[in-house]
>>> print(open('input08.csv').read())   # CSV, C-alpha atoms
chain,number,residue,atom,x,y,z
A,219,MET,CA,18.8,27.0,14.2
A,220,TYR,CA,16.2,27.4,16.8
A,221,ILE,CA,12.5,26.4,16.7
A,222,ILE,CA,9.7,25.9,19.2
A,223,CYS,CA,7.0,23.3,18.3
A,224,ASP,CA,4.0,21.6,19.9
A,225,LYS,CA,5.0,18.1,20.8
A,226,SER,CA,2.0,16.4,19.1
A,227,ASN,CA,2.5,18.3,15.8
A,228,LEU,CA,6.2,17.5,15.8
A,229,LEU,CA,5.6,13.9,16.5
A,230,ASP,CA,3.0,13.6,13.7
A,231,GLY,CA,5.6,15.1,11.3
A,232,ILE,CA,8.3,12.7,12.5
A,233,ASN,CA,6.0,9.7,12.1
A,234,ILE,CA,5.3,10.7,8.5
A,235,VAL,CA,9.0,11.1,7.4
A,236,MET,CA,10.1,8.0,9.4
A,237,LYS,CA,8.5,5.9,6.6
A,238,ALA,CA,11.4,6.8,4.3
A,239,ILE,CA,14.2,6.1,6.8
A,240,SER,CA,16.6,3.4,5.6
A,241,GLY,CA,17.0,0.5,8.0
A,242,LYS,CA,19.7,-1.3,6.1
A,243,SER,CA,21.8,1.4,4.5
A,244,THR,CA,25.5,1.6,4.9
A,245,MET,CA,25.2,5.4,4.6
A,246,ALA,CA,24.7,6.9,8.1
A,247,ILE,CA,23.1,10.1,6.6
A,248,LEU,CA,20.2,8.0,5.3
A,249,GLU,CA,19.3,7.1,8.9
A,250,CYS,CA,18.7,10.8,9.6
A,251,ILE,CA,15.8,13.2,9.4
A,252,VAL,CA,16.7,16.6,8.1
A,253,ILE,CA,15.2,19.6,9.9
A,254,GLU,CA,15.2,22.5,7.4
A,255,VAL,CA,14.1,25.9,8.7
A,256,ARG,CA,13.9,28.5,5.9
A,257,GLY,CA,11.8,31.7,5.8
A,258,ASN,CA,8.5,30.9,7.5
A,259,THR,CA,8.7,27.1,7.0
A,260,ILE,CA,9.8,24.2,9.2
A,261,LYS,CA,10.3,21.2,7.0
A,262,LEU,CA,11.2,17.6,7.9
A,263,ILE,CA,12.8,15.5,5.2
A,264,SER,CA,13.8,11.9,4.8
A,265,ASN,CA,15.1,9.8,1.8
A,266,ASP,CA,16.1,6.1,1.5
A,267,LEU,CA,17.0,6.7,-2.2
A,268,GLU,CA,13.9,4.8,-3.4
A,269,MET,CA,11.4,7.0,-1.7
A,270,GLY,CA,11.7,10.5,-0.2
A,271,ILE,CA,9.3,12.4,2.0
A,272,GLU,CA,8.9,16.0,2.9
A,273,THR,CA,6.4,17.4,5.3
A,274,VAL,CA,5.8,20.9,6.8
A,275,ILE,CA,5.1,21.3,10.5
A,276,GLN,CA,3.8,24.3,12.4
A,277,GLY,CA,6.0,26.0,14.9
A,278,GLU,CA,7.7,29.2,16.0
A,279,ILE,CA,11.0,30.1,14.2
A,280,LYS,CA,13.6,31.8,16.3
A,281,ASP,CA,16.5,31.2,13.9
A,282,GLU,CA,17.0,29.5,10.5
A,283,GLY,CA,19.2,26.6,9.8
A,284,CYS,CA,19.5,23.0,8.5
A,285,ILE,CA,20.7,19.9,10.3
A,286,ALA,CA,20.5,16.1,9.9
A,287,ILE,CA,19.6,14.2,13.1
A,288,ASN,CA,19.5,10.5,13.7
A,289,ALA,CA,15.8,9.6,13.1
A,290,LYS,CA,15.5,6.8,15.7
A,291,VAL,CA,17.1,8.8,18.5
A,292,PHE,CA,15.1,11.9,17.6
A,293,TYR,CA,11.8,10.0,17.5
A,294,GLU,CA,12.4,8.3,20.8
A,295,ILE,CA,13.3,11.5,22.6
A,296,ILE,CA,10.3,13.4,21.3
A,297,ARG,CA,7.9,10.5,21.9
A,298,LYS,CA,8.8,10.2,25.5
A,299,PHE,CA,8.6,13.9,26.3
A,300,PRO,CA,5.6,15.2,28.3
A,301,SER,CA,2.9,16.8,26.3
A,302,ASP,CA,4.2,20.3,26.0
A,303,GLU,CA,6.1,22.6,23.7
A,304,VAL,CA,9.5,21.4,22.5
A,305,ASN,CA,12.5,23.6,22.0
A,306,ILE,CA,15.1,22.5,19.5
A,307,SER,CA,18.3,24.5,18.9
A,308,ALA,CA,21.6,23.8,17.0
A,309,ASP,CA,24.8,25.7,17.0
A,310,GLU,CA,27.4,26.0,14.3
A,311,ASN,CA,29.1,22.8,15.4
A,312,TYR,CA,25.9,20.9,15.0
A,313,GLN,CA,25.4,20.3,18.7
A,314,VAL,CA,21.7,20.1,19.3
A,315,LYS,CA,19.8,20.9,22.5
A,316,ILE,CA,16.3,19.6,22.9
A,317,TYR,CA,14.2,20.3,25.9
A,318,CYS,CA,10.6,20.0,26.9
A,319,GLY,CA,9.4,21.0,30.4
A,320,LYS,CA,12.2,19.9,32.8
A,321,ALA,CA,13.6,17.3,30.4
A,322,LYS,CA,16.7,18.3,28.5
A,323,PHE,CA,18.8,16.4,25.9
A,324,ALA,CA,22.1,17.4,24.2
A,325,ILE,CA,23.0,15.3,21.1
A,326,SER,CA,25.2,15.6,18.0
A,327,ALA,CA,23.7,16.2,14.6
A,328,LYS,CA,25.3,16.2,11.1
A,329,PRO,CA,25.7,18.7,8.3
A,330,THR,CA,23.4,18.1,5.4
A,331,GLU,CA,25.9,18.4,2.5
A,332,GLU,CA,25.8,14.6,1.9
A,333,PHE,CA,22.1,14.2,2.3
A,334,PRO,CA,20.2,13.4,-0.9
A,335,PHE,CA,17.5,16.1,-1.0
A,336,LEU,CA,14.5,15.4,-3.1
A,337,PRO,CA,15.0,16.6,-6.8
A,338,ASN,CA,12.8,19.3,-8.2
A,339,ILE,CA,10.1,17.7,-10.2
A,340,ILE,CA,8.4,19.6,-13.1
A,341,ARG,CA,4.7,19.4,-12.1
A,342,ASP,CA,3.0,19.5,-15.5
A,343,HIS,CA,1.6,16.0,-15.8
A,344,ASN,CA,-0.7,14.9,-13.0
A,345,ILE,CA,-4.0,13.4,-11.9
A,346,VAL,CA,-6.2,14.4,-9.0
A,347,ILE,CA,-7.9,11.8,-6.9
A,348,SER,CA,-9.4,11.8,-3.4
A,349,GLN,CA,-7.5,10.5,-0.5
A,350,PHE,CA,-10.3,8.1,0.3
A,351,THR,CA,-10.3,6.6,-3.2
A,352,LEU,CA,-6.5,6.2,-3.4
A,353,LYS,CA,-6.4,4.7,0.1
A,354,GLU,CA,-9.1,2.2,-0.9
A,355,ILE,CA,-7.4,1.3,-4.2
A,356,ILE,CA,-4.2,0.5,-2.5
A,357,ARG,CA,-6.0,-1.6,0.2
A,358,GLN,CA,-7.8,-3.5,-2.5
A,359,THR,CA,-4.8,-4.4,-4.7
A,360,VAL,CA,-1.4,-4.2,-2.8
A,361,PHE,CA,-1.8,-7.5,-1.1
A,362,SER,CA,-1.1,-9.4,-4.3
A,363,ILE,CA,2.3,-7.8,-5.1
A,364,SER,CA,5.3,-10.1,-4.9
A,365,ASP,CA,8.0,-9.8,-2.3
A,366,ASN,CA,10.5,-11.5,-4.5
A,367,GLU,CA,13.1,-8.9,-5.6
A,368,ASN,CA,14.2,-11.2,-8.4
A,369,THR,CA,10.9,-10.4,-10.2
A,370,LYS,CA,11.2,-6.6,-9.6
A,371,ILE,CA,8.2,-5.6,-11.8
A,372,MET,CA,5.9,-7.8,-9.6
A,373,THR,CA,6.9,-5.9,-6.5
A,374,GLY,CA,5.2,-2.8,-8.0
A,375,GLU,CA,1.7,-1.9,-9.1
A,376,LEU,CA,0.7,-0.8,-12.6
A,377,PHE,CA,-1.0,2.6,-12.6
A,378,GLU,CA,-2.6,3.0,-16.1
A,379,ILE,CA,-4.6,6.1,-17.1
A,380,LYS,CA,-6.7,6.2,-20.2
A,381,GLY,CA,-8.9,9.3,-20.5
A,382,ASP,CA,-10.9,9.6,-17.3
A,383,GLN,CA,-10.2,6.0,-16.1
A,384,LEU,CA,-7.5,4.9,-13.7
A,385,LYS,CA,-6.6,1.2,-13.6
A,386,VAL,CA,-4.4,-0.2,-10.9
A,387,ALA,CA,-3.2,-3.8,-11.1
A,388,SER,CA,-0.9,-6.1,-9.2
A,389,LEU,CA,0.2,-9.7,-9.5
A,390,ASP,CA,2.5,-12.2,-7.9
A,391,GLY,CA,2.4,-15.2,-10.3
A,392,HIS,CA,-0.5,-16.9,-8.5
A,393,ARG,CA,-3.2,-14.1,-8.6
A,394,ILE,CA,-4.1,-10.8,-10.1
A,395,SER,CA,-5.9,-7.9,-8.5
A,396,ILE,CA,-7.4,-5.1,-10.6
A,397,ARG,CA,-9.3,-1.9,-9.6
A,398,LYS,CA,-10.7,0.6,-12.0
A,399,VAL,CA,-12.1,4.0,-11.0
A,400,ASN,CA,-13.4,6.9,-12.9
A,401,LEU,CA,-11.6,10.2,-12.4
A,402,LYS,CA,-13.3,13.6,-12.4
A,403,ASN,CA,-11.3,14.8,-15.5
A,404,SER,CA,-9.7,13.2,-18.5
A,405,TYR,CA,-5.9,13.0,-18.7
A,406,ASP,CA,-3.2,12.0,-21.2
A,407,ASP,CA,-2.6,8.2,-21.4
A,408,THR,CA,0.0,7.2,-18.9
A,409,SER,CA,1.4,3.8,-17.7
A,410,VAL,CA,3.9,3.5,-14.9
A,411,ILE,CA,4.9,1.0,-12.3
A,412,ILE,CA,5.0,2.3,-8.7
A,413,PRO,CA,6.8,0.2,-6.0
A,414,GLY,CA,4.4,-1.5,-3.7
A,415,LYS,CA,6.4,-0.4,-0.7
A,416,THR,CA,5.8,3.3,-1.6
A,417,LEU,CA,2.1,2.7,-1.9
A,418,ILE,CA,1.9,0.9,1.4
A,419,GLU,CA,3.6,3.8,3.2
A,420,ILE,CA,1.5,6.4,1.4
A,421,SER,CA,-1.6,4.6,2.5
A,422,LYS,CA,-0.5,4.8,6.1
A,423,ILE,CA,-0.1,8.6,5.8
A,424,LEU,CA,-3.3,9.4,4.0
A,425,ASN,CA,-6.2,10.5,6.2
A,426,GLY,CA,-8.7,9.0,3.9
A,427,GLY,CA,-10.8,12.1,3.5
A,428,VAL,CA,-13.4,12.1,0.7
A,429,ASP,CA,-13.0,15.8,0.2
A,430,ASP,CA,-9.2,15.8,0.6
A,431,ASP,CA,-7.3,15.5,-2.8
A,432,VAL,CA,-4.1,13.9,-3.7
A,433,TYR,CA,-2.2,15.3,-6.7
A,434,ILE,CA,-0.1,12.7,-8.4
A,435,TYR,CA,2.6,13.9,-10.9
A,436,PHE,CA,4.5,11.6,-13.2
A,437,THR,CA,7.9,11.8,-14.9
A,438,ASP,CA,10.0,9.2,-16.8
A,439,LYS,CA,11.6,8.1,-13.5
A,440,HIS,CA,9.4,9.4,-10.6
A,441,ALA,CA,5.9,9.6,-9.2
A,442,LEU,CA,5.2,12.4,-6.9
A,443,PHE,CA,2.3,12.4,-4.5
A,444,GLU,CA,1.3,15.7,-2.9
A,445,PHE,CA,-1.4,16.0,-0.2
A,446,GLY,CA,-1.9,18.4,2.6
A,447,ASP,CA,1.5,19.5,3.9
A,448,THR,CA,3.3,16.4,2.6
A,449,ILE,CA,5.1,15.3,-0.5
A,450,VAL,CA,6.1,11.7,-1.2
A,451,LEU,CA,8.5,11.1,-4.1
A,452,SER,CA,9.1,7.6,-5.4
A,453,ARG,CA,11.3,6.1,-8.1
A,454,LEU,CA,9.4,4.2,-10.7
A,455,ILE,CA,10.2,0.6,-11.5
A,456,GLU,CA,11.6,0.4,-15.0
A,457,GLY,CA,10.4,-2.1,-17.6
A,458,GLU,CA,7.1,-3.1,-19.3
A,459,TYR,CA,4.3,-4.5,-17.2
A,460,TYR,CA,2.8,-7.9,-18.0
A,461,LYS,CA,0.0,-8.0,-20.5
A,462,ILE,CA,-2.6,-8.8,-17.9
A,463,GLU,CA,-5.6,-8.2,-20.3
A,464,LYS,CA,-4.5,-11.4,-22.1
A,465,MET,CA,-4.8,-13.3,-18.9
A,466,LEU,CA,-8.4,-12.3,-18.4
A,467,SER,CA,-11.4,-14.1,-19.8
A,468,ASN,CA,-15.1,-13.7,-20.0
A,469,ASP,CA,-15.7,-17.4,-20.6
A,470,TYR,CA,-17.1,-19.6,-17.8
A,471,GLU,CA,-18.7,-22.9,-17.3
A,472,THR,CA,-19.9,-22.2,-13.7
A,473,LYS,CA,-21.2,-18.9,-12.3
A,474,LEU,CA,-21.9,-18.4,-8.6
A,475,VAL,CA,-23.5,-15.6,-6.6
A,476,VAL,CA,-22.8,-16.1,-2.9
A,477,ASN,CA,-22.9,-14.2,0.3
A,478,LYS,CA,-19.3,-12.8,0.8
A,479,LYS,CA,-19.2,-12.9,4.6
A,480,GLU,CA,-20.5,-16.5,4.7
A,481,MET,CA,-17.9,-17.6,2.2
A,482,LEU,CA,-15.1,-15.7,3.9
A,483,ASP,CA,-16.0,-17.1,7.3
A,484,CYS,CA,-16.0,-20.7,6.0
A,485,ILE,CA,-12.6,-20.4,4.4
A,486,ASP,CA,-11.2,-18.6,7.4
A,487,ARG,CA,-12.4,-21.6,9.6
A,488,THR,CA,-10.6,-24.1,7.3
A,489,THR,CA,-7.3,-22.3,8.1
A,490,LEU,CA,-7.6,-23.4,11.7
A,491,LEU,CA,-6.3,-26.8,10.6
A,492,ILE,CA,-3.2,-25.6,8.8
A,493,ARG,CA,0.2,-25.3,10.3
A,494,GLU,CA,2.3,-22.5,8.9
A,495,SER,CA,4.6,-24.9,7.2
A,496,GLU,CA,1.8,-26.7,5.4
A,497,LYS,CA,0.4,-25.8,2.0
A,498,LYS,CA,-3.0,-27.4,2.1
A,499,PRO,CA,-5.7,-26.3,-0.3
A,500,VAL,CA,-9.3,-25.6,0.6
A,501,ILE,CA,-11.4,-27.9,-1.6
A,502,ILE,CA,-14.6,-26.3,-2.9
A,503,ASP,CA,-17.3,-28.6,-4.2
A,504,ILE,CA,-20.1,-26.8,-6.1
A,505,ASN,CA,-23.1,-29.0,-6.6
A,506,GLU,CA,-26.7,-28.1,-7.3
A,507,GLY,CA,-26.6,-24.7,-5.7
A,508,LYS,CA,-24.6,-25.7,-2.7
A,509,MET,CA,-21.0,-24.7,-2.0
A,510,GLY,CA,-19.1,-27.1,0.1
A,511,PHE,CA,-15.7,-26.3,1.8
A,512,ALA,CA,-13.4,-29.0,3.0
A,513,MET,CA,-10.0,-29.1,4.6
A,514,HIS,CA,-7.8,-32.2,5.3
A,515,SER,CA,-4.5,-31.8,7.2
A,516,MET,CA,-2.3,-33.4,9.7
A,517,ILE,CA,-4.3,-31.8,12.5
A,518,GLY,CA,-7.7,-33.0,11.3
A,519,SER,CA,-10.5,-32.3,8.8
A,520,MET,CA,-13.5,-30.1,8.5
A,521,ASN,CA,-16.5,-29.7,6.2
A,522,GLU,CA,-19.0,-26.9,5.8
A,523,GLU,CA,-21.6,-25.9,3.3
A,524,ILE,CA,-23.4,-22.7,2.3
A,525,MET,CA,-26.0,-21.9,-0.3
A,526,ALA,CA,-25.2,-20.2,-3.5
A,527,VAL,CA,-27.1,-19.2,-6.7
A,528,GLN,CA,-25.5,-21.4,-9.3
A,529,GLU,CA,-25.5,-21.1,-13.1
A,530,GLY,CA,-23.8,-23.8,-15.2
A,531,LYS,CA,-21.9,-27.0,-14.3
A,532,ASP,CA,-21.0,-28.6,-11.0
A,533,ILE,CA,-17.3,-28.3,-10.2
A,534,MET,CA,-14.8,-29.4,-7.6
A,535,ILE,CA,-11.7,-27.1,-7.3
A,536,GLY,CA,-8.9,-26.4,-4.9
A,537,PHE,CA,-7.4,-23.0,-3.9
A,538,ASN,CA,-4.8,-21.7,-1.5
A,539,PRO,CA,-7.2,-20.4,1.2
A,540,ARG,CA,-5.1,-17.4,2.0
A,541,PHE,CA,-5.4,-16.1,-1.6
A,542,LEU,CA,-9.2,-16.3,-1.4
A,543,ILE,CA,-9.3,-14.7,2.0
A,544,ASP,CA,-7.1,-11.8,0.9
A,545,ALA,CA,-9.5,-11.0,-2.0
A,546,LEU,CA,-12.7,-11.4,-0.1
A,547,ARG,CA,-11.6,-9.2,2.7
A,548,VAL,CA,-11.2,-6.2,0.5
A,549,ILE,CA,-14.5,-6.5,-1.4
A,550,ASP,CA,-17.1,-4.3,0.2
A,551,GLU,CA,-20.2,-5.8,-1.5
A,552,GLU,CA,-22.5,-8.1,0.5
A,553,GLU,CA,-22.8,-10.5,-2.4
A,554,ILE,CA,-20.1,-11.5,-4.9
A,555,THR,CA,-20.1,-13.2,-8.3
A,556,ILE,CA,-17.5,-16.0,-9.0
A,557,TYR,CA,-16.8,-17.4,-12.5
A,558,MET,CA,-15.0,-20.7,-13.1
A,559,ILE,CA,-14.2,-22.7,-16.1
A,560,ASN,CA,-12.6,-26.0,-14.9
A,561,PRO,CA,-10.4,-27.2,-12.0
A,562,LYS,CA,-7.2,-26.2,-13.7
A,563,ALA,CA,-8.2,-22.8,-15.0
A,564,PRO,CA,-8.2,-19.6,-12.9
A,565,CYS,CA,-11.4,-18.4,-11.3
A,566,PHE,CA,-12.5,-14.8,-11.4
A,567,ILE,CA,-14.3,-12.7,-8.8
A,568,LYS,CA,-15.7,-9.5,-10.3
A,569,ASP,CA,-18.6,-7.2,-10.2
A,570,LYS,CA,-20.9,-6.4,-13.1
A,571,ASP,CA,-19.0,-3.3,-14.2
A,572,GLU,CA,-15.6,-4.9,-13.6
A,573,SER,CA,-14.6,-2.1,-11.3
A,574,TYR,CA,-12.7,-4.8,-9.5
A,575,ILE,CA,-11.4,-8.1,-10.8
A,576,TYR,CA,-9.6,-10.8,-8.8
A,577,LEU,CA,-8.0,-13.7,-10.7
A,578,ILE,CA,-6.8,-16.6,-8.6
A,579,LEU,CA,-5.1,-19.8,-9.9
A,580,PRO,CA,-6.3,-23.1,-8.5
A,581,VAL,CA,-4.1,-25.7,-7.0
A,582,ASN,CA,-4.0,-29.5,-7.3
A,583,PHE,CA,-5.6,-31.6,-4.6
A,584,ASN,CA,-6.3,-35.2,-3.8
A,585,VAL,CA,-9.7,-36.1,-2.4
>>> encode(input="input08.csv", output="structure tokens")
Amino acid sequence: MYIICDKSNLLDGINIVMKAISGKSTMAILECIVIEVRGNTIKLISNDLEMGIETVIQGEIKDEGCIAINAKVFYEIIRKFPSDEVNISADENYQVKIYCGKAKFAISAKPTEEFPFLPNIIRDHNIVISQFTLKEIIRQTVFSISDNENTKIMTGELFEIKGDQLKVASLDGHRISIRKVNLKNSYDDTSVIIPGKTLIEISKILNGGVDDDVYIYFTDKHALFEFGDTIVLSRLIEGEYYKIEKMLSNDYETKLVVNKKEMLDCIDRTTLLIRESEKKPVIIDINEGKMGFAMHSMIGSMNEEIMAVQEGKDIMIGFNPRFLIDALRVIDEEEITIYMINPKAPCFIKDKDESYIYLILPVNFNV
């Protein structure tokens, strides 16, 4: 194998496939990037058995071949080269020579017989969505997945398609995030659970272009995302997702319309008095069109008040401030509408069309 690549293009490709490099595997081959040179294509491949990535890079092909090279070592070598073209060659004994300018490296690679190449997926069941929209959907929902592997389903997000509507939902036992978007076309009804880790990594790769499409294909066990020169294949999480519709309600005793930035800034200031080990709620007192925020902790106390348009009863309720902050930060509207029932029932933040819904459970507090 012998290829010549521009350093920046090569490094961009490495950065993409590094997102599926296993950091904890007992299989050394999973710590490798495969460089596959066939025909007119230079392909970089990685796979941690949960997620696999393939990306095509541009370069001059002198000789075909396929090798597996330690990802971390390869990345660091290329990263520290001067900005110039990079020559990579490998002989039949998998001895690799890499040089750029006057810098030269010689390292050992591995054969690829044991590498788990991505399976061929029949691409006959897909949806099309813009990179911008998918990136936004992930940003606005993925923060409320669970990191507890004992509740595996909660570590993923529900992707549910009905006709021309895509609904994406996540929950961690304390809150629910839902985003709904209309697609350009109608599709067969589909419901799958995609690992949150996959979606986070995909979001990092997407350029976010409004006119750049992502093609998403589904099988019984996999979701495949194809965009630009990159393919990301993810295993699905098996099982049935929670019946989140049963957890939602249109009932309320108190409705508020409030400036999002003012509310977010107030809650953010309350967290200045919380140590990491403390779990202190922010106490929200809604009274005659005023929204008061209070925090009492070992460090001290604070109180602040903002105006709101109130409909219905006064209420005093406590929340984990981080949960409110997470939701408010991803809402783009200047004003938000909040619905509450009582101090022990969840509150809902949603827009008129319910294109987004955030459910947050309250917490007990002592005044």
>>> closest_residue(input="input08.csv", among="A:Arg341, A:Lys385, A:Lys298, A:His392", to="Tyr574 of chain A", atoms="all atoms listed in the file")
A:Lys385
>>> atom_distance(input="input08.csv", atom1="atom CA of Lys531 of chain A", atom2="atom CA of Lys562 of chain A")
14.7 Å
>>> closest_residue(input="input08.csv", among="A:Ile340, A:Met465, A:Ala308, A:Ile535", to="Ile501 of chain A", atoms="all atoms listed in the file")
A:Ile535
>>> residues_near_point(input="input08.csv", point="(16.8, 12.7, 5.8)", cutoff="9 Å", atoms="all atoms listed in the file", output="number ranges by chain")
A: 235-236, 238-239, 247-253, 262-266, 270-271, 286-289, 330, 333-335
>>> closest_residue(input="input08.csv", among="A:Thr373, A:Ile279, A:Val410, A:Lys415", to="Gly457 of chain A", atoms="all atoms listed in the file")
A:Val410
>>> closest_residue(input="input08.csv", among="A:Ile232, A:Asp281, A:Tyr576, A:Lys498", to="Val386 of chain A", atoms="only C-alpha atoms")
A:Tyr576
>>> residues_around(input="input08.csv", residues="Ile502 of chain A", least_positions_apart="5", cutoff="9 Å", atoms="only C-alpha atoms", output="list in words")
Met509, Gly510, Phe511, Ala512, Ile533, Met534, Ile535, Gly536 and Phe537 of chain A
>>> closest_residue(input="input08.csv", among="A:Leu454, A:Ser307, A:Glu506, A:Ile492", to="Gly518 of chain A", atoms="all atoms listed in the file")
A:Ile492
>>> closest_residue(input="input08.csv", among="A:Leu482, A:Ile306, A:Thr244, A:Leu466", to="Val548 of chain A", atoms="only C-alpha atoms")
A:Leu482
>>> residues_around(input="input08.csv", residues="Ile418 of chain A", least_positions_apart="6", cutoff="9 Å", atoms="only C-alpha atoms", output="list in words")
Ile356, Arg357 and Val360 of chain A
